[in-house]
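**Student:** Contents of final.txt (compact mmCIF, C-alpha atoms and all ligand atoms) are below:
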```
# COMPACT_ATOMS: atom_id res chain seq x y z
CA MET A 181 -4.68 6.11 18.61
CA ILE A 182 -5.50 9.30 16.74
CA VAL A 183 -5.95 12.47 18.75
CA LEU A 184 -7.28 15.77 17.48
CA LYS A 185 -6.81 18.77 19.76
CA GLY A 186 -8.56 22.08 19.20
CA ILE A 187 -8.82 21.69 15.41
CA SER A 188 -10.26 24.59 13.41
CA LYS A 189 -10.49 25.04 9.66
CA GLN A 190 -11.83 27.98 7.68
CA TYR A 191 -12.53 28.17 3.93
CA ALA A 192 -13.01 31.84 2.98
CA ALA A 193 -16.25 32.82 4.76
CA VAL A 194 -17.08 29.22 5.80
CA THR A 195 -15.90 27.84 9.14
CA ALA A 196 -15.79 24.12 8.33
CA ILE A 197 -14.44 22.91 11.71
CA ARG A 198 -14.71 24.76 15.01
CA HIS A 199 -12.33 23.79 17.79
CA ALA A 200 -12.82 20.03 17.51
CA ASP A 201 -11.33 17.54 19.99
CA LEU A 202 -11.49 13.85 19.15
CA LEU A 203 -9.85 10.63 20.30
CA VAL A 204 -10.00 7.57 18.07
CA PRO A 205 -8.76 4.59 20.14
CA GLU A 206 -6.24 2.28 18.49
CA GLY A 207 -7.94 -0.76 17.02
CA SER A 208 -11.45 0.71 17.15
CA ILE A 209 -14.04 1.34 14.47
CA TYR A 210 -14.96 4.97 14.92
CA GLY A 211 -17.82 6.70 13.14
CA ILE A 212 -18.31 10.39 12.43
CA ILE A 213 -21.81 11.47 11.48
CA GLY A 214 -23.50 14.74 10.67
CA ARG A 215 -25.78 16.21 8.09
CA SER A 216 -24.41 17.35 4.72
CA GLY A 217 -22.03 20.29 5.14
CA ALA A 218 -21.41 19.58 8.85
CA GLY A 219 -17.66 19.21 8.23
CA LYS A 220 -17.21 15.41 8.11
CA SER A 221 -15.03 15.31 5.00
CA THR A 222 -12.93 18.22 6.22
CA LEU A 223 -12.33 16.47 9.54
CA LEU A 224 -11.40 13.23 7.76
CA ARG A 225 -8.98 15.08 5.44
CA ILE A 226 -7.33 16.66 8.48
CA MET A 227 -7.12 13.30 10.33
CA SER A 228 -5.61 11.64 7.27
CA LEU A 229 -3.14 14.52 6.80
CA LEU A 230 -4.44 15.42 3.34
CA GLU A 231 -5.08 18.88 4.68
CA ALA A 232 -3.54 20.95 7.48
CA PRO A 233 -5.76 22.57 10.12
CA ASP A 234 -5.60 26.34 10.64
CA THR A 235 -5.21 25.79 14.37
CA GLY A 236 -4.93 22.73 16.58
CA GLU A 237 -2.83 19.60 16.64
CA VAL A 238 -3.08 16.05 15.30
CA TYR A 239 -1.30 13.17 17.06
CA TYR A 240 -0.79 9.53 16.10
CA GLY A 241 0.03 7.98 19.44
CA THR A 242 2.44 10.43 21.00
CA GLU A 243 3.79 11.75 17.70
CA ARG A 244 2.54 15.09 16.48
CA VAL A 245 1.83 14.63 12.76
CA ASP A 246 0.08 17.76 11.48
CA THR A 247 3.46 19.51 11.29
CA LEU A 248 5.13 16.76 9.20
CA ARG A 249 6.35 17.81 5.76
CA GLY A 250 8.10 16.22 2.76
CA MET A 251 9.35 12.65 3.19
CA ASP A 252 8.19 12.44 6.81
CA LEU A 253 4.64 13.28 5.76
CA LEU A 254 4.80 10.79 2.86
CA GLN A 255 6.02 8.03 5.13
CA ARG A 256 3.27 8.67 7.64
CA ARG A 257 0.65 8.76 4.90
CA ARG A 258 1.89 5.37 3.65
CA LYS A 259 0.61 3.91 6.93
CA MET A 260 -2.93 4.96 6.03
CA GLY A 261 -5.41 3.52 3.58
CA MET A 262 -8.42 5.37 2.20
CA ILE A 263 -11.58 4.29 0.45
CA PHE A 264 -14.22 6.53 -1.08
CA GLN A 265 -17.81 6.56 -2.25
CA ASN A 266 -16.74 6.69 -5.91
CA PHE A 267 -13.92 4.09 -5.43
CA ASN A 268 -11.24 6.34 -7.07
CA LEU A 269 -9.81 3.43 -9.08
CA LEU A 270 -7.60 3.82 -12.15
CA GLY A 271 -9.77 3.15 -15.20
CA SER A 272 -6.76 2.38 -17.40
CA ARG A 273 -5.72 -0.56 -15.18
CA ASN A 274 -7.39 -3.88 -14.50
CA VAL A 275 -8.06 -5.26 -11.00
CA THR A 276 -4.51 -6.55 -10.46
CA GLY A 277 -3.04 -3.31 -11.85
CA ASN A 278 -5.08 -1.23 -9.42
CA ILE A 279 -4.13 -3.29 -6.38
CA ALA A 280 -0.47 -3.38 -7.42
CA TYR A 281 -0.30 0.38 -7.97
CA PRO A 282 0.71 1.53 -4.43
CA LEU A 283 3.27 -1.28 -4.27
CA GLU A 284 4.80 -0.20 -7.59
CA ILE A 285 4.96 3.40 -6.33
CA GLY A 286 6.65 2.11 -3.17
CA GLY A 287 9.32 0.33 -5.26
CA VAL A 288 8.37 -3.20 -4.17
CA PRO A 289 10.04 -5.87 -6.40
CA LYS A 290 7.77 -7.44 -9.06
CA LYS A 291 7.75 -10.98 -7.61
CA GLN A 292 6.78 -9.67 -4.19
CA ILE A 293 4.01 -7.55 -5.73
CA GLU A 294 2.52 -10.64 -7.43
CA LYS A 295 2.50 -12.54 -4.15
CA ARG A 296 0.99 -9.64 -2.22
CA VAL A 297 -1.71 -9.05 -4.86
CA ASP A 298 -2.69 -12.73 -4.58
CA GLU A 299 -3.00 -12.40 -0.79
CA LEU A 300 -5.08 -9.24 -1.13
CA LEU A 301 -7.42 -10.73 -3.74
CA GLU A 302 -8.06 -13.55 -1.31
CA LEU A 303 -8.49 -11.18 1.63
CA VAL A 304 -11.31 -9.29 -0.12
CA ASP A 305 -12.63 -12.43 -1.79
CA ILE A 306 -12.38 -11.53 -5.49
CA GLN A 307 -9.77 -14.08 -6.59
CA ASP A 308 -11.76 -14.79 -9.75
CA LYS A 309 -11.58 -11.12 -10.84
CA ARG A 310 -7.81 -10.67 -10.97
CA LYS A 311 -7.71 -9.98 -14.72
CA ALA A 312 -11.06 -8.19 -14.94
CA ARG A 313 -11.38 -4.66 -16.27
CA LEU A 314 -13.20 -2.23 -13.99
CA GLY A 315 -16.12 -1.99 -16.41
CA GLU A 316 -16.81 -5.66 -15.77
CA LEU A 317 -17.26 -5.20 -12.02
CA SER A 318 -20.27 -4.36 -9.84
CA GLY A 319 -20.08 -1.48 -7.37
CA GLY A 320 -19.44 -3.90 -4.50
CA GLN A 321 -16.62 -5.60 -6.40
CA LYS A 322 -15.07 -2.21 -7.23
CA GLN A 323 -15.13 -1.30 -3.55
CA ARG A 324 -13.42 -4.63 -2.77
CA VAL A 325 -10.67 -3.70 -5.25
CA ALA A 326 -10.38 -0.30 -3.57
CA ILE A 327 -10.14 -1.95 -0.13
CA ALA A 328 -7.46 -4.35 -1.38
CA ARG A 329 -5.50 -1.42 -2.84
CA ALA A 330 -5.87 0.54 0.41
CA LEU A 331 -4.57 -2.43 2.42
CA ALA A 332 -1.70 -3.26 0.05
CA VAL A 333 0.89 -1.40 2.11
CA ASN A 334 -0.31 -2.79 5.46
CA PRO A 335 -1.70 0.47 6.81
CA GLU A 336 -2.37 1.03 10.51
CA VAL A 337 -5.52 3.02 9.79
CA LEU A 338 -8.27 2.69 7.21
CA PHE A 339 -10.25 5.87 6.47
CA CYS A 340 -13.64 5.35 4.87
CA ASP A 341 -15.26 8.37 3.23
CA GLU A 342 -18.92 7.45 2.60
CA ALA A 343 -17.58 4.11 1.33
CA THR A 344 -20.97 2.41 1.09
CA SER A 345 -23.10 5.40 0.10
CA ALA A 346 -23.26 4.44 -3.59
CA LEU A 347 -24.12 0.79 -2.90
CA ASP A 348 -27.46 -0.98 -2.54
CA PRO A 349 -28.42 -2.22 0.96
CA GLN A 350 -27.33 -5.82 0.39
CA THR A 351 -23.95 -4.83 -1.06
CA THR A 352 -23.55 -2.29 1.75
CA ARG A 353 -23.97 -5.11 4.28
CA SER A 354 -21.41 -7.31 2.52
CA ILE A 355 -18.84 -4.48 2.41
CA LEU A 356 -19.47 -3.66 6.10
CA THR A 357 -19.03 -7.32 7.01
CA LEU A 358 -15.75 -7.31 5.09
CA ILE A 359 -14.55 -4.17 6.89
CA GLN A 360 -15.43 -5.76 10.22
CA GLU A 361 -13.61 -8.99 9.33
CA LEU A 362 -10.52 -7.07 8.22
CA HIS A 363 -10.65 -5.04 11.41
CA GLU A 364 -10.70 -8.22 13.48
CA ARG A 365 -8.17 -10.09 11.40
CA LEU A 366 -5.65 -7.30 10.90
CA GLY A 367 -6.31 -5.25 14.04
CA ILE A 368 -6.53 -2.16 11.85
CA THR A 369 -8.07 1.06 13.22
CA VAL A 370 -11.01 2.22 11.11
CA ALA A 371 -12.31 5.79 11.00
CA LEU A 372 -15.35 6.32 8.85
CA ILE A 373 -17.66 9.14 7.92
CA THR A 374 -21.14 8.44 6.70
CA HIS A 375 -24.63 9.84 6.54
CA GLN A 376 -25.99 6.27 6.79
CA MET A 377 -27.02 5.54 10.37
CA GLU A 378 -27.29 1.82 9.62
CA VAL A 379 -23.55 1.80 8.89
CA ILE A 380 -22.80 3.24 12.33
CA ARG A 381 -25.15 0.79 14.03
CA ALA A 382 -23.70 -2.17 12.12
CA VAL A 383 -19.98 -1.69 12.63
CA CYS A 384 -18.96 1.22 14.84
CA GLU A 385 -18.00 1.02 18.49
CA GLU A 386 -17.91 4.77 19.08
CA VAL A 387 -19.37 7.72 17.27
CA ALA A 388 -18.97 11.50 17.16
CA VAL A 389 -21.70 13.83 15.95
CA LEU A 390 -20.71 16.91 13.98
CA ASP A 391 -22.98 19.90 13.64
CA GLU A 392 -21.94 23.09 11.85
CA GLY A 393 -18.28 22.22 12.35
CA ARG A 394 -18.61 21.43 16.07
CA ILE A 395 -18.42 18.00 17.67
CA VAL A 396 -21.60 18.26 19.69
CA GLU A 397 -21.79 14.72 21.00
CA ARG A 398 -19.62 11.62 21.26
CA GLY A 399 -19.74 8.28 22.98
CA THR A 400 -20.35 4.61 22.41
CA VAL A 401 -22.84 3.88 19.64
CA ASP A 402 -25.17 2.36 22.25
CA GLU A 403 -25.14 5.52 24.37
CA VAL A 404 -25.58 8.00 21.56
CA PHE A 405 -28.27 6.02 19.76
CA ARG A 406 -30.21 5.13 22.91
CA ASP A 407 -30.20 8.61 24.36
CA PRO A 408 -29.12 11.33 21.91
CA LYS A 409 -28.63 14.52 23.91
CA THR A 410 -28.42 17.19 21.22
CA ALA A 411 -30.92 18.28 18.57
CA ALA A 412 -28.35 17.44 15.88
CA ALA A 413 -27.91 13.87 17.14
CA ARG A 414 -31.66 13.36 17.60
CA GLU A 415 -32.28 14.53 14.05
CA LEU A 416 -29.87 11.87 12.73
CA VAL A 417 -30.80 9.04 15.04
CA TYR A 418 -34.57 9.40 14.70
CA ALA A 419 -34.57 10.17 10.95
P1 LIG A 501 -19.62 17.19 4.97
O1 LIG A 501 -18.56 16.22 4.61
O2 LIG A 501 -20.16 16.98 6.37
O3 LIG A 501 -20.72 17.27 3.96
P2 LIG A 501 -17.59 19.18 4.36
O4 LIG A 501 -16.45 18.94 5.25
O5 LIG A 501 -17.50 18.69 2.96
O6 LIG A 501 -18.95 18.64 5.03
O7 LIG A 501 -17.88 20.76 4.29
C1 LIG A 501 -18.03 21.58 5.43
C2 LIG A 501 -18.19 23.03 4.97
O8 LIG A 501 -16.96 23.49 4.42
C3 LIG A 501 -19.23 23.19 3.88
O9 LIG A 501 -19.88 24.44 4.06
C4 LIG A 501 -18.42 23.20 2.60
O10 LIG A 501 -19.05 23.95 1.58
C5 LIG A 501 -17.12 23.86 3.05
N1 LIG A 501 -15.94 23.36 2.31
C6 LIG A 501 -15.43 22.12 2.39
N2 LIG A 501 -14.32 22.00 1.62
C7 LIG A 501 -14.14 23.22 1.03
C8 LIG A 501 -13.17 23.75 0.13
N3 LIG A 501 -12.13 23.02 -0.32
N4 LIG A 501 -13.30 25.04 -0.25
C9 LIG A 501 -14.31 25.81 0.22
N5 LIG A 501 -15.26 25.37 1.07
C10 LIG A 501 -15.18 24.11 1.48
```
Can you present the structure in this file as structure tokens?
Ligand code: ADP
**Tutor:**
Amino acid sequence: MIVLKGISKQYAAVTAIRHADLLVPEGSIYGIIGRSGAGKSTLLRIMSLLEAPDTGEVYYGTERVDTLRGMDLLQRRRKMGMIFQNFNLLGSRNVTGNIAYPLEIGGVPKKQIEKRVDELLELVDIQDKRKARLGELSGGQKQRVAIARALAVNPEVLFCDEATSALDPQTTRSILTLIQELHERLGITVALITHQMEVIRAVCEEVAVLDEGRIVERGTVDEVFRDPKTAAARELVYA
């Protein structure tokens, strides 16, 4: 599980996160919602150790991880996968080249990479696109490549940063179904931020609501959506 304790983060005059506590249970799909500028991306960057908090502590299980540096930090980050709204794929590489990239960086032997890429293509159901250039893919197919790349190193956690926000409703549903299937099949913990309430309703078990850097509400999706207690949550749920 991922635990955030008393996290704060300031950028010049802007307080992005104010004393946030959060517990993401192992093996859950956890959603973080909030209006634009509420601090969602900052919180995700802190959880995924891309950024250090000014104050507070981050734990993975019982291990404190926000203080990791150098190789220890790299090794911990290798156990995480990330996907983004804009896919962040390498335009110079084809589908196979993109999925193979983290394995090449990790020094995995070529034969093993080929085998793993085959497995991953099957996992995200784009076997027929292995040689395709990115320009030949739809948004949904690009996100499938990004998911395959994120899963290449068998991460324990998948972070999704507005991963379906650039996709049409039908493609959004197919990507959410895929994330749910992967979650069930691989037992991976998923933490996602989104401004799309339908994403939370469709896949999340628990949700936290951020407002001006504060976590103002948290609970099961049922609880929060049935009876939002704060103005910030009501604004999102009833929008
Ligand atoms: P959200 O993801 O909910 O839209 P962010 O975490 O991106 O919110 O931003 C929270 C606040 O912190 C915003 O006011 C934003 O302008 C500010 N902020 C985020 N990242 C930076 C940064 N690297 N430098 C300066 N300000 C930042």
**Student:** Taking only C-alpha atoms into account, which of A:Glu385, A:Arg273, A:Ile359, A:Arg414 comes nearest Cys340 of chain A?
**Tutor:** A:Ile359
**Student:** Measuring atom to atom with all atoms listed in the file, identify which of A:Gly367, A:Gly261, A:Gly315, A:Gly271 is nearest to Val333 of chain A.
**Tutor:** A:Gly261
**Student:** Determine, counting only C-alpha atoms, which protein, DNA and RNA residues have an atom within 10 Å of an atom of segment 230-232 of chain A; residues of the same chain fewer than 2 positions away are not included. Present the result as a ChimeraX atom specification.
**Tutor:** /A:187-189,222-228,234-238,245-248,253,257
**Student:** May I have the residues within 6 Å of ligand LIG 501 (chain A), computed using only C-alpha atoms and all ligand atoms, as a count of residues only?
**Tutor:** 12
**Student:** To one decimal place, how far is atom CA of Ile279 of chain A from atom CA of Ala326 of chain A in Å?
**Tutor:**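 We find that atom CA of Ile279 of chain A and atom CA of Ala326 of chain A lie 7.5 Å from each other.
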**Student:** If you take every atom of segment 315-334 of chain A that the file lists and fit an axis-aligned box around them with 8 Å extra on each side, what centre and edge lengths come out in Å to one decimal, as lines of an AutoDock Vina configuration file?
**Tutor:**
```
center_x = -9.7
center_y = -2.6
center_z = -5.5
size_x = 37.2
size_y = 22.2
size_z = 37.9
```
**Student:** With distances taken over all atoms listed in the file, which residue among A:Ile380, A:Ile373, A:Leu347, A:Val387 lies nearest Gly399 of chain A?
**Tutor:**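 Smallest distance to Gly399 of chain A is found for A:Val387.
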**Student:** Record the distance separating atom CA of Gln350 of chain A and atom CA of Val404 of chain A, expressed in Å with one decimal.
**Tutor:**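 It comes out at 25.3 Å.
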**Student:** Set the distance at 10 Å and use all atoms listed in the file: which residues neighbour Ile182 of chain A once local chain neighbours fewer than 2 positions away are removed? I'd like the list as an MDAnalysis selection string.
**Tutor:** chainID A and resid 184 202:206 227:228 238:245 337 369 371
**Student:** If you measure from atom CA of Leu314 of chain A to atom CA of Asn274 of chain A, what distance in Å do you get, rounded to one decimal?
**Tutor:**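 Rounded to one decimal, the two atoms are 6.1 Å apart.
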